[in-house]
$ cat my_file.txt   # compact mmCIF, C-alpha atoms
# COMPACT_ATOMS: atom_id res chain seq x y z
CA MET U 1 6.33 -42.10 -45.64
CA PRO U 2 5.83 -45.36 -43.67
CA GLN U 3 4.05 -48.23 -45.35
CA ILE U 4 0.38 -48.23 -44.37
CA ASN U 5 -1.18 -51.59 -43.68
CA LYS U 6 -4.29 -52.44 -41.77
CA PRO U 7 -3.03 -53.80 -38.45
CA ARG U 8 -4.15 -57.29 -37.58
CA SER U 9 -2.14 -58.44 -34.61
CA ARG U 10 -2.35 -55.50 -32.20
CA ILE U 11 -4.79 -53.01 -30.75
CA PHE U 12 -5.55 -50.02 -32.98
CA TYR U 13 -3.21 -47.26 -31.77
CA GLY U 14 -6.02 -44.73 -31.99
CA TYR U 15 -7.51 -46.28 -28.85
CA TRP U 16 -4.31 -45.47 -26.94
CA ILE U 17 -4.47 -41.93 -28.33
CA LEU U 18 -8.07 -41.62 -27.14
CA LEU U 19 -7.09 -42.92 -23.68
CA VAL U 20 -4.27 -40.38 -23.29
CA CYS U 21 -6.50 -37.52 -24.42
CA PHE U 22 -9.17 -38.77 -22.01
CA ILE U 23 -6.70 -38.71 -19.10
CA CYS U 24 -5.64 -35.17 -20.06
CA GLN U 25 -9.24 -34.02 -19.62
CA VAL U 26 -9.56 -35.83 -16.28
CA VAL U 27 -6.57 -33.93 -14.90
CA THR U 28 -7.03 -30.51 -16.51
CA HIS U 29 -10.78 -30.03 -16.11
CA GLY U 30 -10.84 -31.79 -12.75
CA SER U 31 -8.18 -29.42 -11.42
CA VAL U 32 -9.27 -26.20 -13.15
CA SER U 33 -13.02 -26.19 -13.85
CA TYR U 34 -14.45 -28.48 -11.19
CA SER U 35 -12.23 -27.59 -8.26
CA PHE U 36 -12.18 -23.80 -8.34
CA SER U 37 -15.26 -23.40 -6.14
CA LEU U 38 -13.71 -25.58 -3.42
CA PHE U 39 -11.15 -22.84 -2.75
CA VAL U 40 -13.64 -19.93 -2.51
CA ILE U 41 -14.48 -20.08 1.21
CA PRO U 42 -10.92 -21.01 2.35
CA LEU U 43 -9.59 -18.00 0.42
CA ASP U 44 -12.33 -15.79 1.87
CA ASN U 45 -11.46 -16.96 5.39
CA GLU U 46 -7.73 -16.43 4.87
CA PHE U 47 -7.68 -13.07 3.08
CA GLY U 48 -11.16 -11.61 3.53
CA TRP U 49 -11.61 -11.19 -0.22
CA SER U 50 -15.17 -10.76 -1.52
CA ARG U 51 -16.75 -13.48 -3.65
CA ALA U 52 -16.64 -11.27 -6.76
CA VAL U 53 -12.92 -10.63 -6.18
CA ILE U 54 -12.22 -14.35 -5.83
CA MET U 55 -14.36 -15.23 -8.88
CA THR U 56 -12.27 -12.81 -10.91
CA GLY U 57 -9.56 -15.48 -10.75
CA ASN U 58 -11.91 -17.84 -12.57
CA ILE U 59 -12.72 -15.09 -15.08
CA LEU U 60 -9.03 -14.57 -15.81
CA THR U 61 -8.52 -18.30 -16.30
CA MET U 62 -11.38 -18.65 -18.76
CA LEU U 63 -10.57 -15.45 -20.65
CA THR U 64 -6.91 -16.38 -20.92
CA SER U 65 -7.82 -19.88 -22.06
CA GLY U 66 -10.26 -18.53 -24.65
CA ILE U 67 -7.81 -15.94 -26.01
CA GLY U 68 -5.04 -18.52 -25.95
CA SER U 69 -7.00 -21.10 -27.96
CA PRO U 70 -6.14 -19.65 -31.41
CA ILE U 71 -2.51 -19.34 -30.32
CA VAL U 72 -2.51 -23.00 -29.33
CA GLY U 73 -4.00 -23.85 -32.72
CA ARG U 74 -1.14 -22.07 -34.48
CA LEU U 75 1.45 -23.78 -32.27
CA THR U 76 0.05 -27.20 -33.18
CA GLN U 77 0.65 -26.34 -36.86
CA LYS U 78 4.27 -25.30 -36.26
CA TYR U 79 5.40 -27.84 -33.67
CA ASP U 80 4.81 -31.46 -32.79
CA ILE U 81 1.53 -31.49 -30.89
CA LYS U 82 2.93 -33.69 -28.10
CA TYR U 83 5.35 -30.89 -27.19
CA VAL U 84 2.50 -28.37 -27.17
CA ILE U 85 0.53 -30.53 -24.72
CA ALA U 86 3.59 -31.24 -22.56
CA GLY U 87 4.48 -27.54 -22.51
CA GLY U 88 0.90 -26.77 -21.51
CA ALA U 89 1.20 -29.22 -18.61
CA ILE U 90 4.36 -27.49 -17.40
CA THR U 91 2.58 -24.13 -17.58
CA LEU U 92 -0.56 -25.46 -15.87
CA GLY U 93 1.41 -27.12 -13.07
CA SER U 94 3.55 -24.03 -12.54
CA GLY U 95 0.42 -21.88 -12.21
CA PHE U 96 -1.00 -24.15 -9.50
CA ILE U 97 2.30 -24.20 -7.61
CA LEU U 98 2.35 -20.39 -7.68
CA LEU U 99 -1.23 -20.39 -6.34
CA SER U 100 -0.06 -22.45 -3.38
CA LEU U 101 2.41 -19.64 -2.60
CA THR U 102 -0.13 -16.79 -2.90
CA ARG U 103 0.22 -13.96 -0.37
CA ALA U 104 -1.41 -11.09 -2.27
CA LEU U 105 -4.27 -10.59 -4.71
CA TRP U 106 -2.01 -9.71 -7.65
CA GLN U 107 -0.17 -13.00 -7.17
CA PHE U 108 -3.50 -14.86 -7.13
CA TYR U 109 -4.58 -13.27 -10.40
CA THR U 110 -1.20 -13.73 -12.09
CA ALA U 111 -1.13 -17.41 -11.18
CA TYR U 112 -4.62 -17.98 -12.58
CA ILE U 113 -3.62 -16.30 -15.85
CA ILE U 114 -0.78 -18.83 -16.08
CA VAL U 115 -3.24 -21.64 -15.27
CA GLY U 116 -5.46 -20.40 -18.12
CA LEU U 117 -2.62 -20.60 -20.63
CA GLY U 118 -1.79 -24.13 -19.53
CA PHE U 119 -5.47 -25.08 -19.62
CA ALA U 120 -5.75 -23.98 -23.26
CA ALA U 121 -2.73 -26.04 -24.28
CA THR U 122 -3.84 -29.25 -22.52
CA GLY U 123 -7.64 -29.06 -22.99
CA VAL U 124 -10.09 -29.76 -25.78
CA ILE U 125 -8.41 -27.71 -28.54
CA PRO U 126 -5.29 -29.89 -29.08
CA THR U 127 -6.83 -33.16 -27.91
CA SER U 128 -9.93 -32.88 -30.11
CA MET U 129 -7.65 -32.08 -33.06
CA VAL U 130 -5.76 -35.31 -32.45
CA ILE U 131 -8.98 -37.32 -32.05
CA MET U 132 -10.48 -35.99 -35.30
CA ASN U 133 -7.40 -37.15 -37.19
CA TRP U 134 -7.60 -40.66 -35.78
CA PHE U 135 -11.39 -41.13 -35.93
CA LYS U 136 -13.49 -40.20 -38.98
CA LYS U 137 -16.53 -42.49 -39.13
CA ARG U 138 -17.77 -41.97 -35.57
CA GLN U 139 -16.34 -38.64 -34.53
CA GLY U 140 -19.33 -37.95 -32.30
CA LEU U 141 -18.68 -41.13 -30.31
CA ALA U 142 -14.95 -40.36 -30.02
CA ILE U 143 -15.63 -36.77 -28.92
CA GLY U 144 -18.17 -38.13 -26.43
CA ILE U 145 -15.55 -40.42 -24.91
CA LEU U 146 -13.06 -37.54 -24.82
CA GLY U 147 -15.64 -35.38 -23.07
CA THR U 148 -16.36 -38.13 -20.56
CA GLY U 149 -12.87 -37.50 -19.21
CA ILE U 150 -14.02 -34.01 -18.20
CA GLY U 151 -16.82 -35.50 -16.11
CA VAL U 152 -14.59 -38.17 -14.59
CA GLY U 153 -12.20 -35.40 -13.57
CA GLY U 154 -15.15 -33.63 -12.01
CA PHE U 155 -15.81 -36.71 -9.88
CA VAL U 156 -12.25 -37.59 -8.87
CA MET U 157 -10.64 -34.22 -8.16
CA PRO U 158 -13.40 -32.68 -5.97
CA LEU U 159 -13.46 -35.80 -3.81
CA LEU U 160 -9.68 -35.79 -3.50
CA LEU U 161 -9.44 -32.06 -2.78
CA GLY U 162 -12.75 -31.21 -1.10
CA ALA U 163 -13.12 -34.27 1.11
CA HIS U 164 -9.46 -34.91 1.97
CA ILE U 165 -6.66 -32.54 0.94
CA ILE U 166 -8.19 -29.12 1.69
CA PRO U 167 -9.94 -30.05 5.00
CA ASP U 168 -6.96 -32.03 6.31
CA PHE U 169 -3.95 -30.19 4.86
CA GLY U 170 -5.20 -26.75 3.83
CA TRP U 171 -5.94 -24.94 0.57
CA ARG U 172 -2.28 -24.28 -0.21
CA ASN U 173 -1.55 -28.00 -0.33
CA GLY U 174 -4.69 -28.42 -2.43
CA TYR U 175 -3.22 -26.18 -5.12
CA LEU U 176 0.15 -27.90 -4.77
CA VAL U 177 -1.42 -31.32 -5.37
CA CYS U 178 -3.12 -29.99 -8.52
CA GLY U 179 0.22 -28.75 -9.82
CA ILE U 180 2.10 -31.97 -9.12
CA ILE U 181 -0.60 -34.17 -10.68
CA SER U 182 -0.80 -31.98 -13.79
CA MET U 183 2.89 -32.34 -14.55
CA ALA U 184 3.46 -35.87 -13.31
CA VAL U 185 0.61 -37.37 -15.35
CA ILE U 186 0.31 -35.35 -18.55
CA ILE U 187 3.97 -34.74 -19.45
CA PRO U 188 5.16 -38.36 -19.68
CA LEU U 189 1.97 -39.63 -21.30
CA SER U 190 1.93 -36.96 -24.00
CA LEU U 191 5.64 -37.21 -24.82
CA LYS U 192 5.59 -40.99 -24.96
CA LEU U 193 2.28 -41.76 -26.67
CA ILE U 194 0.75 -38.80 -28.55
CA LYS U 195 0.91 -39.00 -32.36
CA LEU U 196 -1.02 -36.45 -34.42
CA ARG U 197 -1.76 -38.67 -37.42
CA PRO U 198 -2.29 -42.42 -37.92
CA GLU U 199 0.32 -42.43 -40.69
CA GLU U 200 3.00 -41.83 -38.08
CA MET U 201 2.22 -45.31 -36.75
CA GLY U 202 1.67 -46.91 -40.16
CA GLU U 203 -2.10 -46.96 -39.65
CA LEU U 204 -5.25 -45.36 -41.04
CA PRO U 205 -8.15 -43.54 -39.32
CA ASP U 206 -10.61 -45.92 -37.65
CA ASN U 207 -8.17 -48.78 -38.37
CA GLY U 208 -9.72 -48.78 -41.87
CA ASP U 209 -8.40 -49.54 -45.35
CA ILE U 210 -7.41 -47.06 -48.05
CA ALA U 211 -10.25 -47.89 -50.42
CA ALA U 212 -12.94 -47.45 -47.76
CA GLU U 213 -11.41 -44.17 -46.61
CA LYS U 214 -11.27 -42.78 -50.15
CA LYS U 215 -14.85 -43.85 -50.80
CA LYS U 216 -16.03 -42.23 -47.56
CA ASN U 217 -14.20 -38.98 -48.30
CA GLY U 218 -15.64 -38.87 -51.78
CA ARG U 219 -19.21 -39.11 -50.47
CA ALA U 220 -18.56 -36.47 -47.83
CA LYS U 221 -17.46 -33.91 -50.39
CA ASN U 222 -20.76 -34.25 -52.21
CA ILE U 223 -23.01 -33.56 -49.24
CA VAL U 224 -21.14 -31.20 -46.89
CA GLN U 225 -21.60 -27.44 -47.31
CA ASN U 226 -18.48 -25.51 -46.43
CA TYR U 227 -18.19 -21.91 -45.27
CA THR U 228 -15.37 -19.55 -44.56
CA LEU U 229 -15.65 -17.48 -41.39
CA LYS U 230 -16.54 -14.41 -43.49
CA GLN U 231 -19.39 -16.28 -45.18
CA ALA U 232 -20.58 -17.93 -41.97
CA ARG U 233 -20.92 -14.54 -40.27
CA LYS U 234 -23.48 -13.54 -42.92
CA THR U 235 -25.83 -16.37 -41.96
CA GLY U 236 -28.50 -16.29 -39.29
CA ALA U 237 -27.37 -19.72 -38.07
CA PHE U 238 -23.95 -18.35 -37.06
CA TRP U 239 -25.42 -15.75 -34.72
CA LEU U 240 -28.15 -18.00 -33.32
CA ILE U 241 -25.54 -20.61 -32.38
CA ALA U 242 -23.45 -17.86 -30.77
CA ILE U 243 -26.41 -16.48 -28.78
CA GLY U 244 -27.48 -19.95 -27.66
CA PHE U 245 -24.05 -20.96 -26.39
CA VAL U 246 -23.34 -17.59 -24.75
CA ALA U 247 -26.63 -17.73 -22.82
CA PHE U 248 -26.03 -21.38 -21.85
CA SER U 249 -22.45 -20.67 -20.77
CA ILE U 250 -23.33 -17.71 -18.52
CA ALA U 251 -26.13 -19.63 -16.80
CA ASN U 252 -24.21 -22.88 -16.54
CA ASN U 253 -21.02 -21.42 -15.10
CA ASN U 254 -22.90 -19.16 -12.69
CA THR U 255 -24.66 -22.17 -11.16
CA PHE U 256 -21.72 -24.54 -11.42
CA GLN U 257 -19.09 -22.30 -9.82
CA ASN U 258 -21.37 -20.80 -7.16
CA HIS U 259 -23.43 -23.76 -5.96
CA VAL U 260 -20.76 -25.08 -3.55
CA PRO U 261 -20.40 -21.77 -1.63
CA HIS U 262 -24.20 -21.37 -1.84
CA LEU U 263 -24.79 -24.77 -0.24
CA GLN U 264 -22.22 -24.07 2.46
CA GLU U 265 -23.69 -20.61 3.11
CA ILE U 266 -27.18 -22.03 3.72
CA GLY U 267 -25.83 -24.66 6.13
CA PHE U 268 -24.69 -27.79 4.30
CA PRO U 269 -21.37 -29.30 5.52
CA ALA U 270 -18.34 -29.05 3.22
CA VAL U 271 -18.28 -32.83 2.68
CA VAL U 272 -21.91 -32.80 1.50
CA SER U 273 -21.17 -29.93 -0.90
CA ALA U 274 -18.09 -31.72 -2.24
CA THR U 275 -20.13 -34.90 -2.73
CA ALA U 276 -22.73 -32.93 -4.71
CA LEU U 277 -19.91 -31.53 -6.86
CA SER U 278 -18.66 -35.05 -7.52
CA LEU U 279 -22.16 -36.15 -8.55
CA VAL U 280 -22.14 -33.32 -11.07
CA GLY U 281 -18.95 -34.86 -12.43
CA ILE U 282 -20.53 -38.32 -12.70
CA GLY U 283 -23.57 -36.93 -14.51
CA SER U 284 -21.34 -34.95 -16.85
CA ALA U 285 -19.19 -37.99 -17.62
CA VAL U 286 -22.22 -40.10 -18.51
CA SER U 287 -23.95 -37.42 -20.55
CA LYS U 288 -20.91 -36.42 -22.61
CA PHE U 289 -20.68 -39.99 -23.82
CA VAL U 290 -24.43 -40.28 -24.44
CA PHE U 291 -24.67 -36.88 -26.14
CA GLY U 292 -21.60 -37.68 -28.23
CA CYS U 293 -23.27 -40.85 -29.50
CA LEU U 294 -26.57 -39.03 -30.12
CA SER U 295 -24.84 -36.32 -32.16
CA ASP U 296 -24.07 -38.96 -34.81
CA TYR U 297 -27.82 -39.54 -35.26
CA ILE U 298 -29.85 -36.39 -34.41
CA PRO U 299 -29.47 -32.71 -35.36
CA PRO U 300 -26.83 -31.37 -32.95
CA LYS U 301 -28.90 -28.31 -31.99
CA PHE U 302 -31.16 -30.64 -29.98
CA ILE U 303 -28.17 -31.69 -27.88
CA LEU U 304 -27.89 -28.22 -26.33
CA ILE U 305 -31.69 -27.92 -26.05
CA ILE U 306 -31.86 -31.11 -23.99
CA GLY U 307 -28.90 -30.00 -21.89
CA SER U 308 -30.51 -26.61 -21.22
CA VAL U 309 -33.78 -28.21 -20.10
CA LEU U 310 -31.94 -30.53 -17.70
CA GLN U 311 -29.93 -27.66 -16.22
CA ALA U 312 -33.00 -25.45 -15.86
CA ILE U 313 -34.76 -28.19 -13.87
CA ALA U 314 -31.65 -28.62 -11.71
CA THR U 315 -31.43 -24.86 -11.05
CA ALA U 316 -35.09 -24.76 -10.03
CA ILE U 317 -34.41 -27.55 -7.51
CA LEU U 318 -31.33 -25.71 -6.18
CA ILE U 319 -33.36 -22.54 -5.62
CA ASN U 320 -35.78 -24.44 -3.39
CA VAL U 321 -33.38 -26.74 -1.52
CA SER U 322 -32.57 -26.09 2.15
CA PRO U 323 -30.68 -27.90 4.92
CA GLU U 324 -34.05 -29.32 6.04
CA SER U 325 -34.58 -30.85 2.59
CA SER U 326 -33.84 -34.50 2.02
CA HIS U 327 -30.36 -35.10 0.69
CA ILE U 328 -32.07 -37.01 -2.12
CA ALA U 329 -33.25 -33.66 -3.55
CA LEU U 330 -29.65 -32.43 -3.48
CA TRP U 331 -28.39 -35.56 -5.23
CA ILE U 332 -31.11 -35.23 -7.89
CA TYR U 333 -30.14 -31.60 -8.43
CA ALA U 334 -26.44 -32.45 -8.79
CA THR U 335 -27.09 -35.36 -11.14
CA LEU U 336 -29.36 -33.32 -13.42
CA LEU U 337 -26.87 -30.44 -13.45
CA GLY U 338 -24.12 -32.83 -14.48
CA LEU U 339 -26.26 -34.47 -17.17
CA GLY U 340 -27.01 -31.06 -18.66
CA LEU U 341 -23.42 -29.91 -18.32
CA GLY U 342 -22.26 -32.79 -20.50
CA SER U 343 -24.07 -31.43 -23.54
CA TRP U 344 -21.79 -28.49 -24.37
CA LEU U 345 -18.76 -30.21 -25.93
CA PRO U 346 -20.60 -32.54 -28.36
CA ALA U 347 -23.08 -29.74 -29.14
CA LEU U 348 -20.44 -27.09 -29.83
CA THR U 349 -18.15 -29.26 -31.97
CA MET U 350 -20.91 -30.96 -33.97
CA ASN U 351 -23.01 -27.80 -34.48
CA THR U 352 -19.95 -26.05 -35.88
CA SER U 353 -18.89 -28.81 -38.27
CA GLY U 354 -22.44 -29.85 -39.17
CA THR U 355 -23.57 -26.32 -40.05
CA PHE U 356 -20.46 -24.81 -41.65
CA GLY U 357 -18.36 -27.78 -42.75
CA LEU U 358 -14.67 -28.42 -42.13
CA VAL U 359 -12.91 -26.02 -44.51
CA GLU U 360 -12.53 -23.38 -41.77
CA TYR U 361 -13.81 -25.42 -38.85
CA GLY U 362 -10.82 -24.48 -36.68
CA VAL U 363 -11.33 -20.74 -37.21
CA ILE U 364 -15.09 -20.81 -36.65
CA PHE U 365 -14.81 -23.16 -33.67
CA GLY U 366 -12.11 -20.90 -32.24
CA ILE U 367 -14.48 -17.92 -32.38
CA TYR U 368 -17.26 -19.89 -30.68
CA ASN U 369 -14.86 -21.22 -28.07
CA MET U 370 -13.66 -17.70 -27.23
CA LEU U 371 -17.28 -16.50 -26.87
CA PHE U 372 -18.16 -19.57 -24.81
CA MET U 373 -15.21 -19.14 -22.46
CA ALA U 374 -15.58 -15.36 -22.12
CA SER U 375 -19.29 -15.51 -21.36
CA GLY U 376 -18.73 -18.45 -19.03
CA ALA U 377 -16.18 -16.37 -17.16
CA PHE U 378 -18.79 -13.64 -16.66
CA GLY U 379 -21.34 -16.03 -15.10
CA PRO U 380 -19.49 -16.82 -11.83
CA TRP U 381 -18.52 -13.16 -11.41
CA LEU U 382 -22.18 -12.15 -11.83
CA GLY U 383 -23.24 -14.62 -9.15
CA GLY U 384 -20.46 -13.48 -6.81
CA ARG U 385 -21.33 -9.82 -7.35
CA ILE U 386 -25.02 -10.44 -6.67
CA PHE U 387 -24.06 -12.27 -3.46
CA ASP U 388 -21.87 -9.37 -2.35
CA VAL U 389 -24.77 -6.94 -2.82
CA THR U 390 -27.73 -9.04 -1.62
CA GLY U 391 -26.09 -11.65 0.63
CA SER U 392 -27.65 -14.43 -1.45
CA TYR U 393 -27.20 -16.26 -4.76
CA HIS U 394 -30.97 -16.54 -5.30
CA LEU U 395 -31.31 -13.75 -7.90
CA SER U 396 -28.35 -15.05 -9.94
CA PHE U 397 -29.98 -18.49 -10.18
CA VAL U 398 -33.28 -16.93 -11.30
CA ILE U 399 -31.40 -15.03 -14.01
CA GLY U 400 -29.91 -18.37 -15.02
CA LEU U 401 -33.38 -19.80 -15.63
CA PHE U 402 -34.13 -16.92 -18.00
CA LEU U 403 -30.84 -17.49 -19.87
CA TYR U 404 -31.58 -21.20 -20.34
CA ALA U 405 -34.86 -20.15 -21.99
CA VAL U 406 -32.91 -17.85 -24.32
CA ALA U 407 -30.56 -20.72 -25.23
CA ILE U 408 -33.46 -23.08 -25.99
CA ILE U 409 -35.28 -20.55 -28.19
CA SER U 410 -32.09 -19.64 -30.08
CA MET U 411 -31.28 -23.26 -30.87
CA LEU U 412 -34.87 -23.99 -31.96
CA LEU U 413 -34.66 -21.14 -34.48
CA ILE U 414 -31.49 -22.44 -36.16
CA ARG U 415 -31.89 -23.45 -39.80
CA ARG U 416 -29.10 -24.80 -41.97
CA PRO U 417 -28.00 -22.08 -44.43
CA LYS U 418 -29.74 -22.57 -47.79
CA LYS U 419 -26.78 -21.88 -50.07
CA PRO U 420 -23.29 -23.38 -49.93
CA GLY U 421 -20.49 -21.00 -49.13
CA LEU U 422 -17.94 -19.71 -51.62
CA VAL U 423 -15.35 -22.44 -51.12
CA PHE U 424 -14.37 -24.26 -54.29
CA LYS U 425 -15.64 -21.90 -57.01
CA SER U 426 -15.59 -18.19 -57.58
CA GLY U 427 -18.76 -16.18 -58.04
CA GLU U 428 -20.83 -17.99 -55.39
CA ARG U 429 -21.93 -16.23 -52.26
CA SER U 430 -23.83 -17.01 -49.10
CA ASP U 431 -26.60 -14.52 -48.44
CA ASP U 432 -28.71 -16.19 -45.80
$ encode --input "my_file.txt" --output "structure tokens"
Amino acid sequence: MPQINKPRSRIFYGYWILLVCFICQVVTHGSVSYSFSLFVIPLDNEFGWSRAVIMTGNILTMLTSGIGSPIVGRLTQKYDIKYVIAGGAITLGSGFILLSLTRALWQFYTAYIIVGLGFAATGVIPTSMVIMNWFKKRQGLAIGILGTGIGVGGFVMPLLLGAHIIPDFGWRNGYLVCGIISMAVIIPLSLKLIKLRPEEMGELPDNGDIAAEKKKNGRAKNIVQNYTLKQARKTGAFWLIAIGFVAFSIANNNTFQNHVPHLQEIGFPAVVSATALSLVGIGSAVSKFVFGCLSDYIPPKFILIIGSVLQAIATAILINVSPESSHIALWIYATLLGLGLGSWLPALTMNTSGTFGLVEYGVIFGIYNMLFMASGAFGPWLGGRIFDVTGSYHLSFVIGLFLYAVAIISMLLIRRPKKPGLVFKSGERSDD
């Protein structure tokens, strides 16, 4: 065990950890989540696939990532987490390179399954685990900064791909660039800099001292209620959180993944659509930081409520926008969508830990993440299917407005369970 002293003469290593994890989100989410819609029309033009068929690739990515999340969690317990992240980058990059070689639908789907596995191993599951070990006092702030990387990726990658690579060099080179960036950036950074615990660098969480950390931990044990997954499932709060995030995820991903082809279908140039997508990224980057900070001070259920309201307003604007509309309306729509989009990560992490404690946080969060990813995968497919049948995305956006209302009502009804779970003593039960 290395000697632990409070560092005086150098920058707290946790800040470097946070920076690396931030960059991982820029690359992974920028390439996977924010850029998928940029390939929809080029793939349609090349192969004649329907929108629902193309969106199935996104479904496979999200489902694979959700199912793979618990597996990634187990791998981080068995192996050094830097190797898990680096291996994920190799998998992610390989999936994108295979996409650039696609000639048939089965190849397209197989490649996106591989992308989903890599996404799980480089995304918020391993990086948030690292961050929570290095930062204890202001986890909401640290998670907010981590989440900001998702939004920054949503600004950088769509501009790079949608405004330059795909129009000038084709969609195949767009996928190839995603693969090269994923491996060239994440692998060396993770192998060189990632450390799971501060003790590995002779430091303490938050650059603090032992006495302060022990005192803080002692207070936390007195006030935090802890639940196992079995006990949490018996509470109304567990199911209300699940319903709220499922409804939000379907509506959010339907709008987010379908608004670029929608804007192009109604007559907006590709560059304008890509710019709107980048504005979503900017709004998401700002709001993840703001919502992360807020989650240290207000009940986390209000984070998702605010995000749902912002996204509902944005969707209403999108429904009414047309090529004759001022571009200002489009920029307002994209900014509001991004601001609302930024709520999910702070809301999901802090609602889970704040309601059910940390004893089985990983298990409960894993269940929520699987539901969130699976329902989010359904949203874009729903929009694509409605377009195939009606020739328009209008109905899917209206359904989204209804789902945002469901999310808001569900979160408003959440109450903290009255009794602590059966964690430290026998004979106690939760019967909310």
$ closest_residue --input "my_file.txt" --among "U:Gly14, U:Pro269, U:Gly342, U:Pro261" --to "Gly154 in chain U" --atoms "all atoms listed in the file"
U:Gly342
$ residues_around --input "my_file.txt" --residues "Phe39 in chain U" --least-positions-apart "6" --cutoff "9 Å" --atoms "all atoms listed in the file" --output "list of chain:residue names"
U:Gly162, U:Ile166, U:Trp171, U:Gly174, U:Tyr175
$ atom_distance --input "my_file.txt" --atom1 "CA of Met132 in chain U" --atom2 "CA of Ile145 in chain U"
12.4 Å
$ closest_residue --input "my_file.txt" --among "U:Ser35, U:Ser278, U:Thr228, U:Thr390" --to "Ala334 in chain U" --atoms "all atoms listed in the file"
U:Ser278
$ residues_around --input "my_file.txt" --residues "range 292-304 of chain U" --least-positions-apart "4" --cutoff "6 Å" --atoms "all atoms listed in the file" --output "ChimeraX atom specification"
/U:140-141,144,288,308,343,346-347,351,411
$ write_last_selection --input "my_file.txt" --atoms "C-alpha atoms" --output "JSON list (two decimals), in the frame of the given file"
[["chain", "number", "residue", "atom", "x", "y", "z"],
["U", 140, "GLY", "CA", -19.33, -37.95, -32.30],
["U", 141, "LEU", "CA", -18.68, -41.13, -30.31],
["U", 144, "GLY", "CA", -18.17, -38.13, -26.43],
["U", 288, "LYS", "CA", -20.91, -36.42, -22.61],
["U", 308, "SER", "CA", -30.51, -26.61, -21.22],
["U", 343, "SER", "CA", -24.07, -31.43, -23.54],
["U", 346, "PRO", "CA", -20.60, -32.54, -28.36],
["U", 347, "ALA", "CA", -23.08, -29.74, -29.14],
["U", 351, "ASN", "CA", -23.01, -27.80, -34.48],
["U", 411, "MET", "CA", -31.28, -23.26, -30.87]]
$ decode --input "my_file.txt" --residues "range 319-330 of chain U" --atoms "N, CA and C atoms" --output "PDB file, in the first residue's frame"
ATOM      1  N   ILE U 319     -42.376  20.624 -34.620  1.00  0.00           N
ATOM      2  CA  ILE U 319     -43.593  20.260 -35.336  1.00  0.00           C
ATOM      3  C   ILE U 319     -44.060  21.389 -36.253  1.00  0.00           C
ATOM      4  N   ASN U 320     -43.831  22.626 -35.839  1.00  0.00           N
ATOM      5  CA  ASN U 320     -44.361  23.776 -36.570  1.00  0.00           C
ATOM      6  C   ASN U 320     -43.345  24.460 -37.474  1.00  0.00           C
ATOM      7  N   VAL U 321     -42.078  24.013 -37.462  1.00  0.00           N
ATOM      8  CA  VAL U 321     -41.066  24.672 -38.269  1.00  0.00           C
ATOM      9  C   VAL U 321     -41.181  24.217 -39.721  1.00  0.00           C
ATOM     10  N   SER U 322     -40.828  25.098 -40.639  1.00  0.00           N
ATOM     11  CA  SER U 322     -40.843  24.809 -42.072  1.00  0.00           C
ATOM     12  C   SER U 322     -39.691  25.558 -42.726  1.00  0.00           C
ATOM     13  N   PRO U 323     -39.344  25.199 -43.973  1.00  0.00           N
ATOM     14  CA  PRO U 323     -38.251  25.906 -44.648  1.00  0.00           C
ATOM     15  C   PRO U 323     -38.483  27.408 -44.755  1.00  0.00           C
ATOM     16  N   GLU U 324     -39.760  27.839 -44.700  1.00  0.00           N
ATOM     17  CA  GLU U 324     -40.060  29.271 -44.748  1.00  0.00           C
ATOM     18  C   GLU U 324     -39.852  29.944 -43.394  1.00  0.00           C
ATOM     19  N   SER U 325     -39.727  29.146 -42.341  1.00  0.00           N
ATOM     20  CA  SER U 325     -39.529  29.705 -41.002  1.00  0.00           C
ATOM     21  C   SER U 325     -38.142  30.326 -40.898  1.00  0.00           C
ATOM     22  N   SER U 326     -38.014  31.287 -40.019  1.00  0.00           N
ATOM     23  CA  SER U 326     -36.699  31.868 -39.748  1.00  0.00           C
ATOM     24  C   SER U 326     -35.784  30.804 -39.158  1.00  0.00           C
ATOM     25  N   HIS U 327     -34.526  30.847 -39.550  1.00  0.00           N
ATOM     26  CA  HIS U 327     -33.578  29.899 -38.984  1.00  0.00           C
ATOM     27  C   HIS U 327     -33.430  30.094 -37.487  1.00  0.00           C
ATOM     28  N   ILE U 328     -33.803  31.256 -36.985  1.00  0.00           N
ATOM     29  CA  ILE U 328     -33.742  31.495 -35.539  1.00  0.00           C
ATOM     30  C   ILE U 328     -34.633  30.497 -34.800  1.00  0.00           C
ATOM     31  N   ALA U 329     -35.827  30.202 -35.368  1.00  0.00           N
ATOM     32  CA  ALA U 329     -36.719  29.223 -34.744  1.00  0.00           C
ATOM     33  C   ALA U 329     -36.048  27.852 -34.689  1.00  0.00           C
ATOM     34  N   LEU U 330     -35.316  27.498 -35.740  1.00  0.00           N
ATOM     35  CA  LEU U 330     -34.622  26.223 -35.765  1.00  0.00           C
ATOM     36  C   LEU U 330     -33.508  26.178 -34.731  1.00  0.00           C
TER      37      LEU U 330
END
